[in-house]
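See below for the structure under consideration.
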Amino acid sequence: MKKELTVGVQNRFEIRIDEKCFSSADGKEFVAIRNLEFEVEMGSFTCLIGPSGCGKTSTLRIILGLDKNYTGSVNLHRDRRLAAVFQNPLLLPWRTVEQNVRLALPEHLQNKHLSNLFETLGLSELRGRFPSELSLGQARRVALARAFAVEPEILVLDEAFVSIDENTAQKLRLLLLKLWMNNPITILMVTHNIREAITLADHLILVSPAPGHVLGQFSIPVPRDQRSSEMQAKLIADLAEIYPGIVQT
Amino acid sequence: MGHDPERNTLYKASYLRVASILFFFTVWFSAATIVQNEVLPGPIEVFSFMISEIKSGELLYHLSLTLMRVAAAFLLAMLLGSAIGIYVGQNRIADNLADPWIILFLNMPALVIIILAYVWIGLTEVAAIVAVSINKIPNVIITLREGTRALETEYQDMAKVYNFSRHAMMRHVVLPQLYPYITVSARSGLSLIWKIVLVVELLGRSNGVGFQIHLYFQLFDVKAILGYTLAFVIVILLIEFLLVQPIEERANRWRPKPV
């Protein structure tokens with residue numbers, strides 16, 4: 001049913017989900033994803049965009065190896081170091097900020113100095129705090145710190161900037177970009193916010209409503225710092241014309 | 001935010017506790033003075049009996065044996081019960097297989113277990129401790145099973161993504177979530193176990209607080225019975241205030257404090 005192909009050196013990985021079903025409490029089967037297929041270039045910043053319920057989060061869970069109950073294949077080497085920032089920051093409430101970051105570190109990084117990372121993210125003062133003493137924005141920063149601390153090859157972000165005010169969200173996006181510029185790893189991000197996708201990503205993948213499949217792919221050839229607001233607005237308008245159900249202006 | 005209000009409530013709490021204990025002794029003293037009968041000796045008689053027993057070394061000898069049995073049975077019950085509870089909480093098949101047995105042992109009278117243990121294993125220390133543990137294990141299992149079912153799988157998913165070792169997963173993700181369930185069963189466990197240990201001692205041991213109470217019951221010496229009981233109650237209170245509560249407080253540091 002499922003093949004986990006392993007390739008020594010990869011400069012891209014492929015995801016093919018033939019079908020992903022959920023069964024609801026009353027026993028009915030619901031197909032969340034059907035024939036969803038795409039590739040991610042290593043070192044790229046790719047964004048999956050689609051309406052809610054189209055299987056974006058399921059796709060990420062499958063890539064992260066948290067969901068094995070699907071048909072298809074992900075040819076991602078098992079040894080690849082992954083990191084994830086979920087919609088819920090998922091910090092362990094009974095451990096401090098620093099402990100939360102350190103616990104995620106692989107063995108060879110155990111003694112790593114985290115001062116620079118905490119400094120960049122403005123967390124130096126918060127190292128000894130417990131998560132219950134943080135705002136959601138601060139908790140998201142800790143989740144980002146944890147993700148970058150493990151020096152992953154692939155970072156997965158699931159709606160990591162929702163439920164906070166736009167100002168804070170924008171600051172977080174800039175922090176993410178800053179961290180990424182220092183250390184250009186592969187990022188796969190899920191969002192329903194087209195503006196966010198256009199600010200951050202260099203490759204967009206548009207997913208249909210359930211059962212989710214790829215409607216179209218689009219690369220943004222302009223470097224991030226040259227993406228003016230007019231250019232972004234025009235891009236969104238163009239995309240909205242081609243994919244009216246998915247992209248709203 | 002300041003320390004003073006917190007301190008004040010702490011003082012108030014301990015005042016209230018001391019006052020409540022003093023009230024109890026006053027009532028006891030007055031009742032004994034009014035009744036004037038050997039069946040209800042007053043606190044002074046009981047304490048002077050305790051002091052003479054401490055001097056002769058009897059009290060500490062029996063008390064320490066009982067405490068040892070309580071500790072052994074408690075540790076055995078908590079370890080086995082937690083392990084089984086966590087396992088059946090995660091495994092539906094094991095849960096279905098184990099469920100009738102858990103219910104059976106949960107409802108089996110303590111006396112039956114004790115007598116059967118003595119008959120089958122013999123009148124030994126092992127039999128005594130096993131009998132007490134078996135009485136407690138089912139309670140630990142059902143509490144920990146409930147806790148395991150309530151585990152937040154999202155934290156485990158996060159830990160899987162970051163490749164936590166089995167040990168780290170247990171220590172930093174699973175156990176902290178089970179902690180409230182462990183303390184609940186430890187609390188109720190301690191009280192249940194000490195009650196049953198006395199019965200076990202009464203039925204098949206030749207030392208311990210239970211044995212002494214049995215002995216003084218035959219001599220109809222209420223002062224001695226109360227003396228041994230009080231000694232044990234004091235030990236239990238000390239364990240609660242000096243051991244259980246500080247540990248609990250430390251483990252709960254991360255919880256947001258009510259203002």
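Chain lettering (A, B, ...) mirrors the order of the structure tokens, residue numbering begins at 1 for each chain separately, and ligand numbering begins at 1 in order of display.
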Note to self: With only C-alpha atoms as the counted atoms, please give the residues lying no more than 9 Å from stretch 53-59 of chain B, apart from itself and same-chain residues fewer than 2 positions off, as an MDAnalysis selection string.
What the structure shows: chainID B and resid 48:51 61:64 208:209 228 231
Taking only residues of chain B that have an atom at most 10 Å from an atom of chain A, what is each one's shortest atom pair and its distance in Å to one decimal, using only C-alpha atoms, in chain and number order, as JSON lines?
```
{"residue": "B:Glu154", "atom": "CA", "partner": "A:Leu90", "partner_atom": "CA", "distance": 7.3}
{"residue": "B:Tyr155", "atom": "CA", "partner": "A:Leu90", "partner_atom": "CA", "distance": 6.2}
{"residue": "B:Gln156", "atom": "CA", "partner": "A:Leu90", "partner_atom": "CA", "distance": 9.7}
{"residue": "B:Asp157", "atom": "CA", "partner": "A:Leu66", "partner_atom": "CA", "distance": 6.6}
{"residue": "B:Met158", "atom": "CA", "partner": "A:Leu90", "partner_atom": "CA", "distance": 7.0}
{"residue": "B:Ala159", "atom": "CA", "partner": "A:Ala104", "partner_atom": "CA", "distance": 7.5}
{"residue": "B:Lys160", "atom": "CA", "partner": "A:Leu66", "partner_atom": "CA", "distance": 7.6}
{"residue": "B:Val161", "atom": "CA", "partner": "A:Ala83", "partner_atom": "CA", "distance": 6.4}
{"residue": "B:Tyr162", "atom": "CA", "partner": "A:Ala104", "partner_atom": "CA", "distance": 5.4}
{"residue": "B:Asn163", "atom": "CA", "partner": "A:Ala104", "partner_atom": "CA", "distance": 7.5}
{"residue": "B:Phe164", "atom": "CA", "partner": "A:Ala104", "partner_atom": "CA", "distance": 6.9}
{"residue": "B:Ser165", "atom": "CA", "partner": "A:Pro106", "partner_atom": "CA", "distance": 9.7}
{"residue": "B:Ala168", "atom": "CA", "partner": "A:Leu103", "partner_atom": "CA", "distance": 8.0}
{"residue": "B:Met169", "atom": "CA", "partner": "A:Leu103", "partner_atom": "CA", "distance": 9.8}
{"residue": "B:His172", "atom": "CA", "partner": "A:Leu92", "partner_atom": "CA", "distance": 8.0}
{"residue": "B:Val173", "atom": "CA", "partner": "A:Leu92", "partner_atom": "CA", "distance": 7.2}
{"residue": "B:Pro176", "atom": "CA", "partner": "A:Trp94", "partner_atom": "CA", "distance": 7.0}
{"residue": "B:Gln177", "atom": "CA", "partner": "A:Trp94", "partner_atom": "CA", "distance": 8.8}
{"residue": "B:Ala251", "atom": "CA", "partner": "A:Trp94", "partner_atom": "CA", "distance": 8.3}
{"residue": "B:Asn252", "atom": "CA", "partner": "A:Trp94", "partner_atom": "CA", "distance": 7.9}
{"residue": "B:Arg253", "atom": "CA", "partner": "A:Trp94", "partner_atom": "CA", "distance": 7.9}
{"residue": "B:Trp254", "atom": "CA", "partner": "A:Trp94", "partner_atom": "CA", "distance": 5.2}
{"residue": "B:Arg255", "atom": "CA", "partner": "A:Ser132", "partner_atom": "CA", "distance": 7.1}
{"residue": "B:Pro256", "atom": "CA", "partner": "A:Ser132", "partner_atom": "CA", "distance": 6.1}
{"residue": "B:Lys257", "atom": "CA", "partner": "A:Ser132", "partner_atom": "CA", "distance": 9.7}
```
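Straight-line separation from atom CA of A:Glu14 to atom CA of A:Thr59: 12.0 Å.
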Notebook entry, point to check: Using only C-alpha atoms, which of A:Glu153, A:Lys56, A:Phe45, A:Ile220 sits nearest A:Leu177?
Noted result: A:Phe45
Next item on the list: Select from stretch 23-243 of chain A everything DSSP, run on the backbone, classes as strand (DSSP E or B), then give the selection as a PyMOL selection string.
Entry: chain A and resi 23+29-41+45-49+71-74+82-85+154-158+186-191+203-207+212+214-219
Using only C-alpha atoms, please write the residues we just selected to a file, as a tab-separated table (two decimals), in the first residue's frame.
```tsv
chain	number	residue	atom	x	y	z
A	23	SER	CA	-14.36	8.33	9.62
A	29	GLU	CA	-16.25	7.92	5.71
A	30	PHE	CA	-15.06	11.29	4.58
A	31	VAL	CA	-12.39	11.68	1.91
A	32	ALA	CA	-10.19	14.60	2.88
A	33	ILE	CA	-7.52	14.18	0.20
A	34	ARG	CA	-7.58	12.50	-3.19
A	35	ASN	CA	-4.62	12.41	-5.60
A	36	LEU	CA	-2.69	15.20	-3.99
A	37	GLU	CA	0.76	15.25	-5.53
A	38	PHE	CA	3.58	17.78	-5.37
A	39	GLU	CA	7.31	18.21	-5.03
A	40	VAL	CA	9.29	20.36	-2.66
A	41	GLU	CA	12.71	21.64	-3.71
A	45	PHE	CA	10.19	28.15	0.89
A	46	THR	CA	6.97	26.52	-0.27
A	47	CYS	CA	3.46	27.43	0.75
A	48	LEU	CA	0.36	25.25	0.61
A	49	ILE	CA	-2.73	27.40	0.26
A	71	THR	CA	-2.47	5.46	0.69
A	72	GLY	CA	0.40	6.99	-1.22
A	73	SER	CA	4.03	7.69	-0.59
A	74	VAL	CA	6.36	10.31	0.80
A	82	LEU	CA	12.50	17.70	10.89
A	83	ALA	CA	11.04	20.50	12.92
A	84	ALA	CA	7.51	21.80	13.14
A	85	VAL	CA	5.65	24.83	14.41
A	154	ILE	CA	13.03	20.66	6.77
A	155	LEU	CA	10.77	22.94	8.77
A	156	VAL	CA	7.03	22.55	8.64
A	157	LEU	CA	4.76	25.42	9.68
A	158	ASP	CA	1.04	24.92	10.16
A	186	THR	CA	13.61	23.87	3.41
A	187	ILE	CA	10.34	25.33	4.66
A	188	LEU	CA	6.91	23.98	3.92
A	189	MET	CA	4.17	26.20	5.27
A	190	VAL	CA	0.43	25.79	5.34
A	191	THR	CA	-1.76	28.87	5.37
A	203	HIS	CA	6.70	28.75	-4.40
A	204	LEU	CA	2.93	28.51	-3.97
A	205	ILE	CA	0.82	25.37	-4.24
A	206	LEU	CA	-2.93	25.88	-4.40
A	207	VAL	CA	-5.10	23.10	-3.02
A	212	GLY	CA	-7.98	18.06	-1.65
A	214	VAL	CA	-3.39	20.38	-6.35
A	215	LEU	CA	-5.14	22.99	-8.51
A	216	GLY	CA	-2.06	24.86	-9.58
A	217	GLN	CA	1.49	25.82	-8.70
A	218	PHE	CA	3.12	29.15	-8.99
A	219	SER	CA	6.62	30.46	-8.40
```
Next item on the list: Calculate how many Å separate atom CA of B:Leu75 from atom CA of B:His214, rounding to one decimal.
Entry: 26.1 Å
Note to self: Using Å and a single decimal, report how far atom CA of B:Lys195 sits from atom CA of B:Leu123.
What the structure shows: 19.0 Å
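With only C-alpha atoms as the basis for measurement, A:Ala201 is the residue among A:Ala149, A:Ala237, A:Leu109, A:Ala201 that approaches A:Pro223 most closely.
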Item checked: Exercise: B:Gly204 partners within 8 Å, only C-alpha atoms, chain neighbours under 2 positions left out, as a list in words -> Tyr118, Leu123, Thr124, Ala128, Val200, Glu201, Leu202 and Ser206 of chain B
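Those residues that approach stretch 100-109 of chain B to within 10 Å, counting only C-alpha atoms, are Ile134, Asn135, Lys136, Ile137, Pro138, Asn139, Ile141 and Ile142 of chain B; same-chain residues fewer than 6 positions away are not listed.
Nearest residue to B:Glu248 among B:Val184, B:Leu198, B:Ala19, B:Ala127 is B:Val184, counting only C-alpha atoms.
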